[in-house]
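File shown: coords-v1.cif. Contents: mmCIF, C-alpha atoms.
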```
data_model
#
loop_
_atom_site.group_PDB
_atom_site.id
_atom_site.type_symbol
_atom_site.label_atom_id
_atom_site.label_comp_id
_atom_site.auth_asym_id
_atom_site.auth_seq_id
_atom_site.Cartn_x
_atom_site.Cartn_y
_atom_site.Cartn_z
ATOM 1 C CA MET Q 20 -26.611 -11.503 -1.857
ATOM 2 C CA LYS Q 21 -24.290 -10.919 1.021
ATOM 3 C CA VAL Q 22 -20.640 -10.037 0.372
ATOM 4 C CA LEU Q 23 -17.740 -8.635 2.338
ATOM 5 C CA LEU Q 24 -16.950 -5.231 0.824
ATOM 6 C CA ASN Q 25 -13.801 -3.649 2.236
ATOM 7 C CA ASN Q 26 -14.219 -5.835 5.286
ATOM 8 C CA LYS Q 27 -17.850 -4.753 5.843
ATOM 9 C CA SER Q 28 -20.775 -7.110 5.430
ATOM 10 C CA THR Q 29 -22.814 -5.625 2.563
ATOM 11 C CA LEU Q 30 -25.984 -6.595 0.679
ATOM 12 C CA LEU Q 31 -25.797 -6.354 -3.111
ATOM 13 C CA ASP Q 32 -28.178 -7.234 -5.953
ATOM 14 C CA ASP Q 33 -27.712 -10.798 -7.237
ATOM 15 C CA GLY Q 34 -25.336 -11.150 -10.176
ATOM 16 C CA LEU Q 35 -24.048 -7.584 -9.958
ATOM 17 C CA THR Q 36 -20.916 -6.944 -12.044
ATOM 18 C CA ILE Q 37 -17.901 -5.111 -10.688
ATOM 19 C CA LYS Q 38 -18.621 -2.338 -13.187
ATOM 20 C CA ARG Q 39 -22.181 -1.899 -11.836
ATOM 21 C CA LEU Q 40 -20.936 -1.975 -8.254
ATOM 22 C CA LEU Q 41 -18.392 0.750 -9.057
ATOM 23 C CA ASP Q 42 -21.137 2.813 -10.723
ATOM 24 C CA GLN Q 43 -23.217 2.522 -7.546
ATOM 25 C CA ILE Q 44 -20.301 3.537 -5.312
ATOM 26 C CA ASP Q 45 -19.618 6.439 -7.691
ATOM 27 C CA ILE Q 46 -15.888 6.958 -7.229
ATOM 28 C CA LYS Q 47 -14.930 10.424 -8.441
ATOM 29 C CA HIS Q 48 -11.367 9.623 -9.523
ATOM 30 C CA LYS Q 49 -9.569 6.882 -11.454
ATOM 31 C CA TYR Q 50 -7.028 5.835 -8.857
ATOM 32 C CA PHE Q 51 -8.321 2.550 -7.495
ATOM 33 C CA ALA Q 52 -7.929 -1.195 -7.928
ATOM 34 C CA VAL Q 53 -10.347 -4.067 -7.302
ATOM 35 C CA GLU Q 54 -9.637 -7.457 -5.798
ATOM 36 C CA VAL Q 55 -12.115 -10.314 -5.351
ATOM 37 C CA ASN Q 56 -11.148 -13.171 -3.045
ATOM 38 C CA GLU Q 57 -7.543 -11.956 -3.080
ATOM 39 C CA GLN Q 58 -7.358 -12.024 -6.885
ATOM 40 C CA ILE Q 59 -7.036 -8.769 -8.811
ATOM 41 C CA VAL Q 60 -9.853 -8.081 -11.233
ATOM 42 C CA PRO Q 61 -8.206 -6.018 -13.996
ATOM 43 C CA LYS Q 62 -10.060 -2.919 -15.206
ATOM 44 C CA SER Q 63 -10.667 -4.633 -18.568
ATOM 45 C CA ASN Q 64 -12.704 -7.347 -16.770
ATOM 46 C CA HIS Q 65 -14.878 -5.111 -14.576
ATOM 47 C CA ASP Q 66 -17.766 -5.312 -17.015
ATOM 48 C CA SER Q 67 -17.790 -9.088 -17.363
ATOM 49 C CA PHE Q 68 -16.992 -10.073 -13.780
ATOM 50 C CA HIS Q 69 -20.130 -11.135 -11.869
ATOM 51 C CA ILE Q 70 -19.985 -10.967 -8.079
ATOM 52 C CA LYS Q 71 -21.117 -14.079 -6.182
ATOM 53 C CA GLU Q 72 -22.612 -14.626 -2.740
ATOM 54 C CA GLY Q 73 -19.899 -14.587 -0.088
ATOM 55 C CA ASP Q 74 -17.267 -12.876 -2.248
ATOM 56 C CA LYS Q 75 -14.645 -10.852 -0.461
ATOM 57 C CA ILE Q 76 -14.263 -7.602 -2.413
ATOM 58 C CA GLU Q 77 -11.569 -5.029 -1.827
ATOM 59 C CA ILE Q 78 -11.550 -1.595 -3.436
ATOM 60 C CA VAL Q 79 -8.203 -0.009 -2.821
ATOM 61 C CA THR Q 80 -6.590 3.366 -3.473
ATOM 62 C CA ALA Q 81 -3.325 5.270 -2.991
ATOM 63 C CA ILE Q 82 -3.035 7.562 0.026
ATOM 64 C CA GLY Q 83 -0.255 9.551 1.670
ATOM 65 C CA GLY Q 84 2.535 7.402 3.066
ATOM 66 C CA GLY Q 85 6.293 7.117 3.423
ATOM 67 C CA MET T 28 29.969 11.458 -11.168
ATOM 68 C CA LYS T 29 27.535 8.603 -11.619
ATOM 69 C CA LYS T 30 24.013 9.277 -12.848
ATOM 70 C CA LEU T 31 21.116 8.075 -10.724
ATOM 71 C CA ILE T 32 19.147 5.656 -12.874
ATOM 72 C CA ILE T 33 16.171 3.769 -11.439
ATOM 73 C CA ASP T 34 14.069 1.498 -13.629
ATOM 74 C CA ASN T 35 15.746 2.920 -16.769
ATOM 75 C CA LYS T 36 14.894 6.512 -15.867
ATOM 76 C CA GLU T 37 17.495 9.112 -14.964
ATOM 77 C CA TYR T 38 16.799 11.290 -11.912
ATOM 78 C CA LYS T 39 18.374 14.684 -11.431
ATOM 79 C CA SER T 40 17.062 14.955 -7.885
ATOM 80 C CA ARG T 41 18.461 12.500 -5.359
ATOM 81 C CA LEU T 42 15.748 13.200 -2.857
ATOM 82 C CA ILE T 43 12.634 11.011 -2.624
ATOM 83 C CA LEU T 44 9.697 12.214 -0.550
ATOM 84 C CA GLY T 45 7.044 10.342 1.355
ATOM 85 C CA THR T 46 3.538 11.811 1.227
ATOM 86 C CA GLY T 47 2.287 10.862 4.703
ATOM 87 C CA LYS T 48 1.577 13.079 7.726
ATOM 88 C CA TYR T 49 0.955 16.328 5.820
ATOM 89 C CA LYS T 50 -1.857 18.676 6.858
ATOM 90 C CA ASP T 51 -3.586 18.331 3.483
ATOM 91 C CA PHE T 52 -2.914 17.590 -0.186
ATOM 92 C CA LYS T 53 -2.058 21.230 -0.886
ATOM 93 C CA GLU T 54 0.713 21.192 1.692
ATOM 94 C CA THR T 55 1.979 17.854 0.315
ATOM 95 C CA GLU T 56 2.091 19.337 -3.167
ATOM 96 C CA ALA T 57 3.857 22.512 -1.996
ATOM 97 C CA ALA T 58 6.516 20.542 -0.071
ATOM 98 C CA ILE T 59 7.157 18.302 -3.062
ATOM 99 C CA LYS T 60 7.583 21.321 -5.328
ATOM 100 C CA SER T 61 9.872 23.012 -2.806
ATOM 101 C CA SER T 62 12.065 19.888 -2.610
ATOM 102 C CA SER T 63 12.380 19.572 -6.427
ATOM 103 C CA CYS T 64 12.059 15.803 -6.020
ATOM 104 C CA GLU T 65 10.943 13.649 -8.931
ATOM 105 C CA MET T 66 9.811 10.529 -7.060
ATOM 106 C CA VAL T 67 7.271 10.238 -4.231
ATOM 107 C CA THR T 68 6.066 7.298 -2.179
ATOM 108 C CA VAL T 69 2.415 6.481 -1.520
ATOM 109 C CA ALA T 70 0.665 3.910 0.646
ATOM 110 C CA ILE T 71 -1.980 1.454 -0.585
ATOM 111 C CA ARG T 72 -5.113 1.272 1.538
ATOM 112 C CA ARG T 73 -8.778 0.277 1.455
ATOM 113 C CA MET T 74 -10.999 3.018 0.169
ATOM 114 C CA ASN T 75 -13.456 4.436 2.692
ATOM 115 C CA ILE T 76 -16.555 3.795 0.630
ATOM 116 C CA GLY T 77 -18.889 6.761 0.859
ATOM 117 C CA GLN T 78 -16.085 9.058 2.031
ATOM 118 C CA ASP T 79 -12.930 8.690 -0.116
ATOM 119 C CA THR T 80 -15.111 7.949 -3.111
ATOM 120 C CA GLU T 81 -16.511 11.452 -3.108
ATOM 121 C CA SER T 82 -13.401 13.377 -2.150
ATOM 122 C CA GLU T 83 -10.230 14.188 -4.030
ATOM 123 C CA ASN T 84 -7.424 11.700 -4.357
ATOM 124 C CA LEU T 85 -3.739 12.344 -3.576
ATOM 125 C CA LEU T 86 -2.774 11.409 -7.142
ATOM 126 C CA GLU T 87 -4.863 14.241 -8.527
ATOM 127 C CA PHE T 88 -2.463 16.615 -6.739
ATOM 128 C CA ILE T 89 0.708 14.594 -7.323
ATOM 129 C CA SER T 90 0.226 13.560 -10.916
ATOM 130 C CA PRO T 91 1.731 10.226 -12.039
ATOM 131 C CA GLU T 92 2.433 11.952 -15.364
ATOM 132 C CA LYS T 93 4.739 14.409 -13.609
ATOM 133 C CA TYR T 94 6.199 12.369 -10.740
ATOM 134 C CA THR T 95 7.341 8.777 -10.427
ATOM 135 C CA ILE T 96 4.893 7.233 -7.980
ATOM 136 C CA LEU T 97 6.532 4.685 -5.712
ATOM 137 C CA PRO T 98 3.850 2.617 -3.958
ATOM 138 C CA ASN T 99 5.039 1.124 -0.685
ATOM 139 C CA THR T 100 4.094 -1.966 1.295
ATOM 140 C CA ALA T 101 4.183 -0.143 4.629
ATOM 141 C CA GLY T 102 2.104 -1.918 7.244
ATOM 142 C CA CYS T 103 2.841 -5.400 5.836
ATOM 143 C CA TYR T 104 4.395 -7.895 8.224
ATOM 144 C CA THR T 105 4.672 -10.910 5.886
ATOM 145 C CA ALA T 106 6.102 -11.513 2.414
ATOM 146 C CA ARG T 107 2.662 -12.682 1.291
ATOM 147 C CA ASP T 108 0.921 -9.442 2.296
ATOM 148 C CA ALA T 109 3.681 -7.337 0.756
ATOM 149 C CA ILE T 110 3.478 -9.189 -2.571
ATOM 150 C CA ARG T 111 -0.315 -8.856 -2.621
ATOM 151 C CA THR T 112 0.010 -5.119 -1.972
ATOM 152 C CA CYS T 113 2.519 -4.743 -4.826
ATOM 153 C CA GLU T 114 0.162 -6.553 -7.235
ATOM 154 C CA ILE T 115 -2.696 -4.226 -6.230
ATOM 155 C CA ALA T 116 -0.432 -1.174 -6.575
ATOM 156 C CA SER T 117 0.558 -2.221 -10.068
ATOM 157 C CA GLU T 118 -3.087 -2.580 -11.129
ATOM 158 C CA LEU T 119 -3.896 0.781 -9.528
ATOM 159 C CA LEU T 120 -1.061 2.544 -11.367
ATOM 160 C CA GLY T 121 -1.850 1.149 -14.795
ATOM 161 C CA GLY T 122 0.637 -1.726 -14.778
ATOM 162 C CA LYS T 123 3.684 0.099 -13.382
ATOM 163 C CA LYS T 124 6.107 -2.300 -11.713
ATOM 164 C CA LEU T 125 8.263 -0.024 -9.552
ATOM 165 C CA VAL T 126 7.585 -0.651 -5.855
ATOM 166 C CA LYS T 127 9.033 0.088 -2.447
ATOM 167 C CA LEU T 128 9.198 -3.197 -0.563
ATOM 168 C CA GLU T 129 8.929 -2.773 3.183
ATOM 169 C CA VAL T 130 8.185 -5.776 5.391
ATOM 170 C CA LEU T 131 8.093 -4.853 9.056
ATOM 171 C CA SER T 132 8.679 -6.896 12.175
ATOM 172 C CA GLN T 133 7.575 -5.033 15.291
ATOM 173 C CA SER T 134 5.312 -1.998 15.482
ATOM 174 C CA LYS T 135 7.314 -0.449 18.315
ATOM 175 C CA ASN T 136 10.498 -0.059 16.241
ATOM 176 C CA LEU T 137 9.287 -0.675 12.671
ATOM 177 C CA PHE T 138 12.513 -2.497 11.896
ATOM 178 C CA PRO T 139 12.453 -4.513 8.686
ATOM 179 C CA ASN T 140 11.773 -8.228 8.957
ATOM 180 C CA VAL T 141 14.797 -9.240 6.934
ATOM 181 C CA VAL T 142 13.745 -12.887 6.476
ATOM 182 C CA GLU T 143 10.360 -11.953 5.014
ATOM 183 C CA THR T 144 11.925 -9.081 3.039
ATOM 184 C CA LEU T 145 14.375 -11.458 1.319
ATOM 185 C CA LYS T 146 11.550 -13.904 0.520
ATOM 186 C CA ALA T 147 9.305 -11.171 -0.886
ATOM 187 C CA ALA T 148 12.132 -9.558 -2.868
ATOM 188 C CA GLU T 149 12.936 -12.818 -4.656
ATOM 189 C CA ILE T 150 9.312 -13.486 -5.606
ATOM 190 C CA LEU T 151 8.703 -9.900 -6.724
ATOM 191 C CA VAL T 152 11.854 -9.831 -8.874
ATOM 192 C CA ASN T 153 10.698 -13.078 -10.505
ATOM 193 C CA LYS T 154 7.365 -11.411 -11.226
ATOM 194 C CA ASP T 155 9.253 -8.589 -13.018
ATOM 195 C CA PHE T 156 8.724 -5.991 -10.305
ATOM 196 C CA LYS T 157 11.429 -3.336 -9.959
ATOM 197 C CA VAL T 158 12.069 -3.494 -6.251
ATOM 198 C CA MET T 159 13.419 -0.654 -4.134
ATOM 199 C CA VAL T 160 13.867 -2.406 -0.842
ATOM 200 C CA TYR T 161 13.850 -1.016 2.696
ATOM 201 C CA THR T 162 16.241 -2.967 4.883
ATOM 202 C CA THR T 163 18.494 -2.814 7.933
ATOM 203 C CA ASP T 164 21.970 -1.290 7.721
ATOM 204 C CA ASP T 165 23.493 -4.782 7.574
ATOM 205 C CA PRO T 166 26.004 -4.862 4.663
ATOM 206 C CA ILE T 167 25.584 -8.630 4.136
ATOM 207 C CA VAL T 168 21.803 -8.393 3.811
ATOM 208 C CA ALA T 169 22.160 -5.360 1.526
ATOM 209 C CA LYS T 170 24.425 -7.306 -0.816
ATOM 210 C CA GLU T 171 22.093 -10.297 -0.740
ATOM 211 C CA LEU T 172 19.172 -8.068 -1.790
ATOM 212 C CA GLU T 173 21.294 -6.705 -4.633
ATOM 213 C CA ASN T 174 22.191 -10.253 -5.713
ATOM 214 C CA ILE T 175 18.495 -11.196 -5.728
ATOM 215 C CA GLY T 176 18.010 -8.455 -8.321
ATOM 216 C CA CYS T 177 16.593 -5.495 -6.416
ATOM 217 C CA GLU T 178 16.698 -2.210 -8.305
ATOM 218 C CA CYS T 179 17.865 -0.183 -5.272
ATOM 219 C CA VAL T 180 18.787 -1.102 -1.728
ATOM 220 C CA MET T 181 17.501 1.288 0.932
ATOM 221 C CA PRO T 182 19.047 0.815 4.369
ATOM 222 C CA LEU T 183 17.611 2.699 7.310
ATOM 223 C CA GLY T 184 19.626 5.495 8.898
ATOM 224 C CA SER T 185 17.694 4.856 12.110
ATOM 225 C CA ALA T 186 14.129 3.888 13.039
ATOM 226 C CA ILE T 187 11.294 5.233 10.844
ATOM 227 C CA GLY T 188 10.099 8.619 12.088
ATOM 228 C CA SER T 189 12.688 8.712 14.899
ATOM 229 C CA GLY T 190 14.724 11.642 13.527
ATOM 230 C CA ARG T 191 17.885 10.105 14.962
ATOM 231 C CA GLY T 192 19.880 10.454 11.754
ATOM 232 C CA ILE T 193 22.511 8.004 10.530
ATOM 233 C CA ILE T 194 23.327 5.898 13.560
ATOM 234 C CA ASN T 195 25.865 3.584 11.935
ATOM 235 C CA LYS T 196 27.909 5.527 9.409
ATOM 236 C CA PHE T 197 30.424 2.701 9.143
ATOM 237 C CA ASN T 198 27.776 0.246 7.979
ATOM 238 C CA ILE T 199 26.306 2.684 5.452
ATOM 239 C CA SER T 200 29.807 3.313 4.011
ATOM 240 C CA GLU T 201 30.415 -0.414 3.848
ATOM 241 C CA ILE T 202 27.107 -0.962 2.003
ATOM 242 C CA VAL T 203 27.946 1.843 -0.459
ATOM 243 C CA GLU T 204 31.447 0.499 -1.143
ATOM 244 C CA ASN T 205 30.161 -2.992 -1.920
ATOM 245 C CA ALA T 206 27.177 -1.939 -4.017
ATOM 246 C CA ASN T 207 26.536 -2.082 -7.750
ATOM 247 C CA VAL T 208 22.988 -0.737 -7.434
ATOM 248 C CA PRO T 209 21.875 2.641 -6.059
ATOM 249 C CA ILE T 210 21.947 2.870 -2.257
ATOM 250 C CA ILE T 211 19.328 5.190 -0.813
ATOM 251 C CA VAL T 212 19.097 5.924 2.901
ATOM 252 C CA ASP T 213 15.476 5.404 3.851
ATOM 253 C CA ALA T 214 14.244 6.441 7.291
ATOM 254 C CA GLY T 215 15.713 8.177 10.292
ATOM 255 C CA VAL T 216 16.508 11.596 8.847
ATOM 256 C CA GLY T 217 15.698 14.343 11.376
ATOM 257 C CA THR T 218 17.182 17.457 9.837
ATOM 258 C CA ALA T 219 19.216 18.691 6.885
ATOM 259 C CA SER T 220 22.611 17.625 8.256
ATOM 260 C CA ASP T 221 21.419 13.995 8.422
ATOM 261 C CA ALA T 222 20.562 14.040 4.716
ATOM 262 C CA CYS T 223 23.879 15.717 4.000
ATOM 263 C CA ILE T 224 25.789 13.050 5.957
ATOM 264 C CA ALA T 225 24.027 10.259 4.052
ATOM 265 C CA MET T 226 25.184 11.812 0.782
ATOM 266 C CA GLU T 227 28.701 12.522 2.117
ATOM 267 C CA LEU T 228 28.970 8.799 2.832
ATOM 268 C CA GLY T 229 28.466 8.210 -0.889
ATOM 269 C CA CYS T 230 24.810 7.232 -0.940
ATOM 270 C CA ASP T 231 22.959 7.731 -4.204
ATOM 271 C CA GLY T 232 19.932 9.336 -2.598
ATOM 272 C CA VAL T 233 17.826 9.857 0.507
ATOM 273 C CA LEU T 234 14.172 9.022 1.113
ATOM 274 C CA MET T 235 12.342 10.876 3.852
ATOM 275 C CA ASN T 236 8.858 11.738 5.043
ATOM 276 C CA THR T 237 8.479 12.732 8.697
ATOM 277 C CA ALA T 238 11.491 15.093 8.771
ATOM 278 C CA ILE T 239 9.699 17.313 6.263
ATOM 279 C CA ALA T 240 6.008 16.642 6.907
ATOM 280 C CA SER T 241 6.274 17.074 10.684
ATOM 281 C CA ALA T 242 8.639 20.068 10.627
ATOM 282 C CA LYS T 243 7.127 23.345 11.848
ATOM 283 C CA ASN T 244 7.460 24.688 8.314
ATOM 284 C CA PRO T 245 7.404 21.705 5.935
ATOM 285 C CA ILE T 246 7.852 23.832 2.806
ATOM 286 C CA LEU T 247 11.026 25.467 4.145
ATOM 287 C CA MET T 248 12.350 22.130 5.431
ATOM 288 C CA ALA T 249 11.747 20.576 2.004
ATOM 289 C CA SER T 250 13.917 23.280 0.475
ATOM 290 C CA ALA T 251 16.597 22.761 3.169
ATOM 291 C CA MET T 252 16.626 19.019 2.405
ATOM 292 C CA LYS T 253 17.012 19.699 -1.296
ATOM 293 C CA ASP T 254 20.113 21.825 -0.625
ATOM 294 C CA ALA T 255 21.506 19.369 1.936
ATOM 295 C CA VAL T 256 21.322 16.456 -0.507
ATOM 296 C CA ILE T 257 23.059 18.472 -3.228
ATOM 297 C CA SER T 258 25.752 19.702 -0.793
ATOM 298 C CA GLY T 259 26.458 16.249 0.580
ATOM 299 C CA TYR T 260 26.612 14.761 -2.899
ATOM 300 C CA ASN T 261 29.024 17.428 -4.133
ATOM 301 C CA ALA T 262 31.175 17.142 -0.999
ATOM 302 C CA PHE T 263 31.474 13.377 -1.438
ATOM 303 C CA HIS T 264 32.593 13.765 -5.033
ATOM 304 C CA ALA T 265 34.903 16.691 -4.234
ATOM 305 C CA GLY T 266 36.751 14.350 -1.857
ATOM 306 C CA ARG T 267 37.027 15.380 1.761
ATOM 307 C CA ILE T 268 40.365 16.024 3.505
ATOM 308 C CA GLU T 269 41.959 13.508 5.765
ATOM 309 C CA ILE T 270 41.099 13.830 9.466
ATOM 310 C CA LYS T 271 44.295 14.639 11.398
ATOM 311 C CA ASP T 272 45.202 14.652 15.049
ATOM 312 C CA LYS T 273 47.197 17.896 14.845
ATOM 313 C CA ALA T 274 46.398 21.397 13.579
ATOM 314 C CA SER T 275 47.679 22.569 10.203
ATOM 315 C CA PRO T 276 47.820 26.359 9.552
ATOM 316 C CA SER T 277 45.913 27.679 6.557
ATOM 317 C CA SER T 278 48.092 30.806 6.210
ATOM 318 C CA PRO T 279 51.814 30.689 5.326
ATOM 319 C CA ILE T 280 54.021 30.650 8.414
ATOM 320 C CA SER T 281 56.785 32.696 6.701
ATOM 321 C CA GLY T 282 56.822 36.395 5.732
ATOM 322 C CA LEU T 283 55.077 37.652 8.866
ATOM 323 C CA VAL T 284 55.629 41.433 9.324
ATOM 324 C CA THR T 285 56.188 40.741 12.963
ATOM 325 C CA GLY T 286 58.749 38.033 12.211
ATOM 326 C CA GLU T 287 62.448 38.104 11.378
#
```

Mind converting the file's structure to structure tokens?
Amino acid sequence: MKVLLNNKSTLLDDGLTIKRLLDQIDIKHKYFAVEVNEQIVPKSNHDSFHIKEGDKIEIVTAIGGG
Amino acid sequence: MKKLIIDNKEYKSRLILGTGKYKDFKETEAAIKSSSCEMVTVAIRRMNIGQDTESENLLEFISPEKYTILPNTAGCYTARDAIRTCEIASELLGGKKLVKLEVLSQSKNLFPNVVETLKAAEILVNKDFKVMVYTTDDPIVAKELENIGCECVMPLGSAIGSGRGIINKFNISEIVENANVPIIVDAGVGTASDACIAMELGCDGVLMNTAIASAKNPILMASAMKDAVISGYNAFHAGRIEIKDKASPSSPISGLVTGE
């Protein structure tokens, strides 16, 4: 299925959960948050949340800023 | 002397540091240590998948267990975007609700969009966020933001990153006099005397980034800022002398050996 991941068109396996997606991306730290279609997906729901065709996924972190 | 309490936590340091523009995380960490600050701001951005995911994160250097992390909404030009950013920040920081609200208007001057800032502040306060709000040095707007329920009001000294210092001292004094929440000068500081002036005007703290991060020696400047904030704070509470038109000798005028 085709999704928009951090504003980039990306192909993912059908029915992938957020948890599985994060495993694939392999983030090495814990400081991130996930939003799907402008709704936050809390960490507790990452395992049960199934991504759908056309979803707009944002994976966000904290960086240096004033 | 009044304690600085933000979101039910007392701060000994009245200096808040931004974490942008440093050479690397090590330099950021060293400057923060040198400043003795207890609160730092961070920006919220998309992760560069495949790059950021493999590298270290800022918060591994600046631990949220040790420092209060103040996520900002820098780069947002509407209330809607700022609120969305605050919600993401809260999720990212394990449910923390303290945020720096910053809604901008024009990229050339980075002045706050006061209309959108007021809108966002009201919604965020209703969602139980503790809002430290960046605003203009307009005393009426500052009071309005306090009345909405913001935790701190943070007027600019001058434009972000400009290093022009406190352009309108009268307005900052007026904001301080009218306030029942901490007033923190945010933006415009160029060097230590600017931070000192902000504190001499009675502000509760100063937030800065560029003045330290872009100094030739950020670690030394961080230490200078620490001292400047303490000096200005003490001077304000010591009570400065009246400014007079005429000179007034410091030594007695009688008993001179050369006199009668």

Open item on the list: Let me make sure I understand: among T:Cys177, T:Ala242, T:Ala116, T:Ala262, which one has the smallest atom-to-atom distance to T:Lys48 if we use only C-alpha atoms?
Closed with: T:Ala242

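Taking atom CA of Q:Lys27 and atom CA of T:Ile115 as endpoints, the distance between them is 19.4 Å.
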
- [ ] Extract, using all atoms listed in the file, all DNA, RNA and protein residues at most 12 Å from T:Phe263, discarding same-chain residues fewer than 2 positions from it, and format them as a ChimeraX atom specification.
- [x] /T:28-29,200,223-231,256-261,265-268

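Look at stretch 77-82 of chain Q: the protein and nucleic acid residues within 7 Å of it, using only C-alpha atoms and passing over chain neighbours fewer than 4 places away, are Leu24, Asn25, Tyr50, Phe51, Ala52, Val53, Glu54 and Val55 of chain Q; Val69, Ala70, Ile71, Arg72, Arg73, Met74 and Leu85 of chain T.
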
TODO: Counting only C-alpha atoms, figure out which residue out of Q:His69, Q:Asn56, Q:Gly85, Q:Lys75 gets nearest to Q:Asp33.
DONE: Q:His69

TODO: With a cut-off of 9 Å and counting all atoms listed in the file, select all residues of chain T in contact with chain Q and give the selection as an MDAnalysis selection string.
DONE: chainID T and resid 44:49 52 55 67:77 79:87 98:99 101 111 114:120 214 234:237

Task: Result set, the PyMOL selection byres ((chain T and resi 141-151) around 12) on current file, as a PyMOL selection string - done: chain T and resi 100-101+103-114+117+124-133+137-140+152-165+167-182

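For the pair atom CA of T:Asn35 and atom CA of T:Met66, the separation is 13.7 Å.
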
Protein, DNA and RNA residues within 7 Å of (-16.9, -6.8, -6.5), all atoms listed in the file, as a compact mmCIF listing (two decimals) with C-alpha atoms, in the frame of the given file:
```txt
# COMPACT_ATOMS: atom_id res chain seq x y z
CA THR Q 36 -20.92 -6.94 -12.04
CA ILE Q 37 -17.90 -5.11 -10.69
CA LEU Q 40 -20.94 -1.98 -8.25
CA VAL Q 55 -12.12 -10.31 -5.35
CA ILE Q 70 -19.98 -10.97 -8.08
CA ILE Q 76 -14.26 -7.60 -2.41
```

Open item on the list: On this structure, the PyMOL selection byres ((chain T and resi 218) around 12) would catch which residues? List them as an MDAnalysis selection string, sorted by chain and number.
Closed with: chainID T and resid 188:193 214:217 219:225 235:243 245 247:256

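From atom CA of Q:Met20 back to atom CA of Q:Ser63, the distance works out to 24.1 Å.
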
- [ ] Please work out which residues fall within 6 Å of (-20.4, -10.1, -0.7), coordinates as given in the file, with only C-alpha atoms counting, and return them as JSON, numbers by chain.
- [x] {"Q": [21, 22, 23, 72, 73, 74, 75]}

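Nearest residue to T:Ile246, choosing from T:Ile199, T:Ile59, T:Leu283, T:Ile211 and counting all atoms listed in the file: T:Ile59.
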
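In this comparison, which uses only C-alpha atoms, the residue of T:Gln78, T:Ile89, T:Ser40, T:Asn198 approaching T:Lys53 most closely is T:Ile89.
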
For stretch 160-164 of chain T, which lacks atoms in the input, supply all heavy atoms and format the output as an mmCIF file, in the frame of the given file.
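Final output, part-v8.cif:
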```
data_model
loop_
_atom_site.group_PDB
_atom_site.id
_atom_site.type_symbol
_atom_site.label_atom_id
_atom_site.label_comp_id
_atom_site.auth_asym_id
_atom_site.auth_seq_id
_atom_site.Cartn_x
_atom_site.Cartn_y
_atom_site.Cartn_z
ATOM 1 N N VAL T 160 14.146 -1.656 -2.064
ATOM 2 C CA VAL T 160 13.867 -2.406 -0.842
ATOM 3 C C VAL T 160 14.406 -1.732 0.417
ATOM 4 O O VAL T 160 15.581 -1.387 0.500
ATOM 5 C CB VAL T 160 14.379 -3.869 -0.989
ATOM 6 C CG1 VAL T 160 15.867 -3.936 -1.295
ATOM 7 C CG2 VAL T 160 14.037 -4.705 0.233
ATOM 8 N N TYR T 161 13.508 -1.553 1.369
ATOM 9 C CA TYR T 161 13.850 -1.016 2.696
ATOM 10 C C TYR T 161 14.434 -2.146 3.532
ATOM 11 O O TYR T 161 13.847 -3.232 3.613
ATOM 12 C CB TYR T 161 12.571 -0.472 3.343
ATOM 13 C CG TYR T 161 12.658 -0.148 4.817
ATOM 14 C CD1 TYR T 161 13.502 0.864 5.273
ATOM 15 C CD2 TYR T 161 11.891 -0.834 5.744
ATOM 16 C CE1 TYR T 161 13.575 1.169 6.616
ATOM 17 C CE2 TYR T 161 11.952 -0.533 7.105
ATOM 18 C CZ TYR T 161 12.799 0.468 7.538
ATOM 19 O OH TYR T 161 12.863 0.757 8.861
ATOM 20 N N THR T 162 15.604 -1.902 4.112
ATOM 21 C CA THR T 162 16.241 -2.967 4.883
ATOM 22 C C THR T 162 17.023 -2.380 6.059
ATOM 23 O O THR T 162 17.054 -1.165 6.258
ATOM 24 C CB THR T 162 17.145 -3.823 3.964
ATOM 25 O OG1 THR T 162 17.722 -4.888 4.713
ATOM 26 C CG2 THR T 162 18.269 -3.005 3.342
ATOM 27 N N THR T 163 17.641 -3.263 6.826
ATOM 28 C CA THR T 163 18.494 -2.814 7.933
ATOM 29 C C THR T 163 19.810 -2.287 7.350
ATOM 30 O O THR T 163 20.050 -2.398 6.147
ATOM 31 C CB THR T 163 18.810 -3.990 8.878
ATOM 32 O OG1 THR T 163 19.403 -5.024 8.097
ATOM 33 C CG2 THR T 163 17.573 -4.520 9.567
ATOM 34 N N ASP T 164 20.672 -1.772 8.210
ATOM 35 C CA ASP T 164 21.970 -1.290 7.721
ATOM 36 C C ASP T 164 23.022 -2.392 7.768
ATOM 37 O O ASP T 164 24.210 -2.132 7.931
ATOM 38 C CB ASP T 164 22.416 -0.039 8.499
ATOM 39 C CG ASP T 164 22.508 -0.287 9.997
ATOM 40 O OD1 ASP T 164 22.410 -1.450 10.425
ATOM 41 O OD2 ASP T 164 22.672 0.697 10.751
#
```
